[in-house]
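A short worksheet on the structure shown next.
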Amino acid sequence: MSLMKSATWIAVLLVICLAVWLVSGGEVVTAATEPPAPQQADAPASSAPVRVEVLHSAAQSITRNVIIQGQVEARRVVRLKAETSGRVKELPVVRGSRVDSGTLLVALELNEREAQRQQAEAQVRQYEYELKAAETLKQKGLQADTRLMELRAQLAAARASLASSAQDIAHTRISAPIDGILDQRPLEVGDFLDRGDAVATLVDDSEVKVTAMVPQNHLPSLHLGQAASARLLDGRELQGQLSYIATEADSGSRSYRVEVSVANPEHQRLIGMSATLQLPVASVRAHLLSPALLSLNSRNQLVIKAVDARQQVAEYPVSIVRTAEDGVWLSGLPAEVEVISTGQGFVSAGDPIEPVAVTAPTAQGG
């Protein structure tokens, strides 16, 4: 009986639950079947402006330079050669010494040269005497014209022989033709010199020249007489003028040789040194900024990030005009611009920013 009663009550409860379900519309809402809440329409993405430091920069007029590597050479080099043969008797000047024009550098032994000169002098005197006597006889009608002509020819030959002998003696004493340094002297006392042998090399260092090869695209901007400068490896600056531009390009590099003359009144030892030659070619407007402010954009261009009128990041492709000790000169920016000096690494073109002005460029960008 109790079992029957329990079954009856269960049936009643099921009927009640079914009635409730029908009244509610036939849906049973559970956590698993609860519908998702409706999504709102996507709002436009917005981010807070990034705080960056900016500095004001104004363009300045500077000179664009062609910068090329070159070397310092002597303006004038004289290589002496023997004009007669003989044995070296004397070398009065030490190699490397500074000499004046006319200074004796090498003396050769005379040997029989002096005797030959004296003989030539004697012949000249003899023919002069014979010619004078023949002219006296001619006046008296006792001398034929052919004899006079013969004597005159002999006298001329004797005088030429005397001059040659004197010149040969002079060639035994080799002197400096210019002021300069006795740079090379491949001789020792006792060496035998033949005509044409090298004797000495003199270098005039009162003026030097800086030589280099200029690419052909820069040639139209150059002209003789224009100012130029060169920096040596030790930091010294040389000032001079463009004194030579080659007419024909080098067959290998297709570049043109140029020379810049530089006065060297203090005779500094410059010849042979490497030098960076700077040739001004044009005046441009550029900004002096720290190289740390440069960035690369997606096209691998050098850019400077700045603030535009909408307080957003603007990227300006720039070119390096020249370098300086305190930064780099850049072209491609507006005449006046607010450059992002700190924080440019965290923003991109078009990002909103909150600029904070600073008075000087920071040492490093970020």
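Following the order of the structure tokens, chains are lettered A, B, ..., residues in each are numbered from 1, and ligands are numbered from 1.
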
Practice item. Write out as an NGL selection string all residues of segment 47-224 of chain A that backbone DSSP assigns to strand (DSSP E or B). Key: :A and (50-58 or 60-81 or 86-90 or 98-99 or 104-108 or 173-175 or 180-184 or 192-193 or 198-214)

Practice item. Please identify all polymer residues within 9 Å of segment 331-344 of chain A, counting only C-alpha atoms, omitting same-chain residues fewer than 3 positions from it, and present them as an MDAnalysis selection string. Key: chainID A and resid 50:60 284:287 290 292:293 295 304:308 313 316:321 347:348 355 357:358 360:366

Exercise for review: Do a neighbour search on segment 217-223 of chain A at 10 Å with only C-alpha atoms, toss out local chain neighbours closer than 4 positions, and write the hits as a list in words.
Suggested key: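 Skipping anything fewer than 4 positions along the chain leaves Val66, Ala227, Gln241, Leu242, Ser243, Tyr244, Ile245, Ala246, Ser255, Tyr256, Val258, Leu279, Pro280, Val281 and Ala282 of chain A.
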
Could the residues in this selection be saved with C-alpha atoms as a compact mmCIF listing (two decimals), in the first residue's frame?
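Ended up saving to again35.txt:
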```txt
# COMPACT_ATOMS: atom_id res chain seq x y z
CA VAL A 66 81.78 66.93 -51.94
CA ALA A 227 88.03 77.54 -51.85
CA GLN A 241 92.23 76.68 -53.60
CA LEU A 242 91.27 74.33 -56.39
CA SER A 243 94.14 74.73 -58.86
CA TYR A 244 93.65 71.86 -61.31
CA ILE A 245 90.77 69.85 -62.80
CA ALA A 246 91.65 67.10 -65.23
CA SER A 255 86.48 60.03 -62.25
CA TYR A 256 88.54 63.21 -62.63
CA VAL A 258 91.69 67.42 -58.98
CA LEU A 279 84.96 70.80 -52.00
CA PRO A 280 81.97 73.14 -51.54
CA VAL A 281 79.45 72.76 -54.35
CA ALA A 282 76.16 74.35 -53.24
```

Point to revise | One-decimal distance in Å that lies between atom CA of Val72 of chain A and atom CA of Val93 of chain A | key: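 Between atom CA of Val93 of chain A and atom CA of Val72 of chain A the gap is 26.2 Å.
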
Check your understanding: Per DSSP on the backbone, what are the helix (DSSP H, G or I) residues of segment 97-264 of chain A, as a VMD selection string?
Key -> chain A and resid 113 to 139 145 to 170 216 to 221

Check your understanding: For Leu80 of chain A, which residue out of A:Leu110, A:Ala176, A:Val214, A:Ala230 is the nearest one, using only C-alpha atoms?
Key -> A:Ala176

Check your understanding: Contacts of segment 122-133 of chain A at 10 Å or less, counting only C-alpha atoms, minus same-chain residues fewer than 6 places along, as an NGL selection string?
Key -> :A and (116 or 143 or 147-162)

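Atom CA of Gln167 of chain A is found 17.6 Å from atom CA of Val88 of chain A.
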
**Study point:** Interatomic distance (Å, one decimal) between atom CA of Leu187 of chain A and atom CA of Leu108 of chain A
**Key:**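 Value for the atom CA of Leu187 of chain A-atom CA of Leu108 of chain A distance: 11.5 Å.
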
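Non-sequential neighbours of Ala107 of chain A (distance at most 10 Å, separation of 2 or more positions within a chain, only C-alpha atoms) are Gly86, Arg87, Val88, Lys89, Glu90, Leu91, Pro92, Leu104, Leu105, Glu109, Leu110, Ala170, His171, Thr172, Arg173, Ile174, Ser175 and Val189 of chain A.
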
Check your understanding: Nearest to Leu302 of chain A among A:Gly102, A:Leu330, A:Ala163, A:Arg185, with distances taken over only C-alpha atoms: which residue is it?
Key ->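 Using only C-alpha atoms, Leu302 of chain A sits closest to A:Leu330.
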
Counting only C-alpha atoms, what are the residues of segment 209-257 of chain A within 12 Å of segment 265-272 of chain A, and for each of them which pair of atoms is the nearest and at what distance in Å, to one decimal? Sort the table by chain and rising number, as a Markdown table.
```
| residue | atom | partner | partner_atom | distance |
| --- | --- | --- | --- | --- |
| A:Lys209 | CA | A:Ile271 | CA | 8.6 |
| A:Val210 | CA | A:Ile271 | CA | 9.1 |
| A:Thr211 | CA | A:Gly272 | CA | 10.6 |
| A:Ala230 | CA | A:Leu270 | CA | 11.7 |
| A:Arg231 | CA | A:Leu270 | CA | 11.5 |
| A:Leu232 | CA | A:Leu270 | CA | 8.9 |
| A:Leu233 | CA | A:Leu270 | CA | 11.0 |
| A:Asp234 | CA | A:Leu270 | CA | 11.0 |
| A:Arg236 | CA | A:Leu270 | CA | 10.4 |
| A:Glu237 | CA | A:Leu270 | CA | 11.4 |
| A:Leu238 | CA | A:Leu270 | CA | 10.1 |
```

Restrict the selected residues to C-alpha atoms and save them as a tab-separated table (two decimals), in the first residue's frame.
```
chain	number	residue	atom	x	y	z
A	209	LYS	CA	98.86	70.00	-53.19
A	210	VAL	CA	96.04	67.74	-52.05
A	211	THR	CA	95.04	65.40	-54.86
A	230	ALA	CA	91.35	69.13	-46.27
A	231	ARG	CA	91.42	67.35	-42.92
A	232	LEU	CA	94.41	65.22	-41.98
A	233	LEU	CA	94.21	62.08	-39.87
A	234	ASP	CA	95.65	63.96	-36.89
A	236	ARG	CA	94.72	69.38	-38.68
A	237	GLU	CA	92.84	71.44	-41.25
A	238	LEU	CA	94.43	72.69	-44.46
```

Practice item. For each of A:Ala228, A:Leu289, A:Ala74, A:Ala249, take the minimum atom-to-atom distance to Gly180 of chain A, counting only C-alpha atoms, then give the residue where this is smallest. Key: A:Ala74
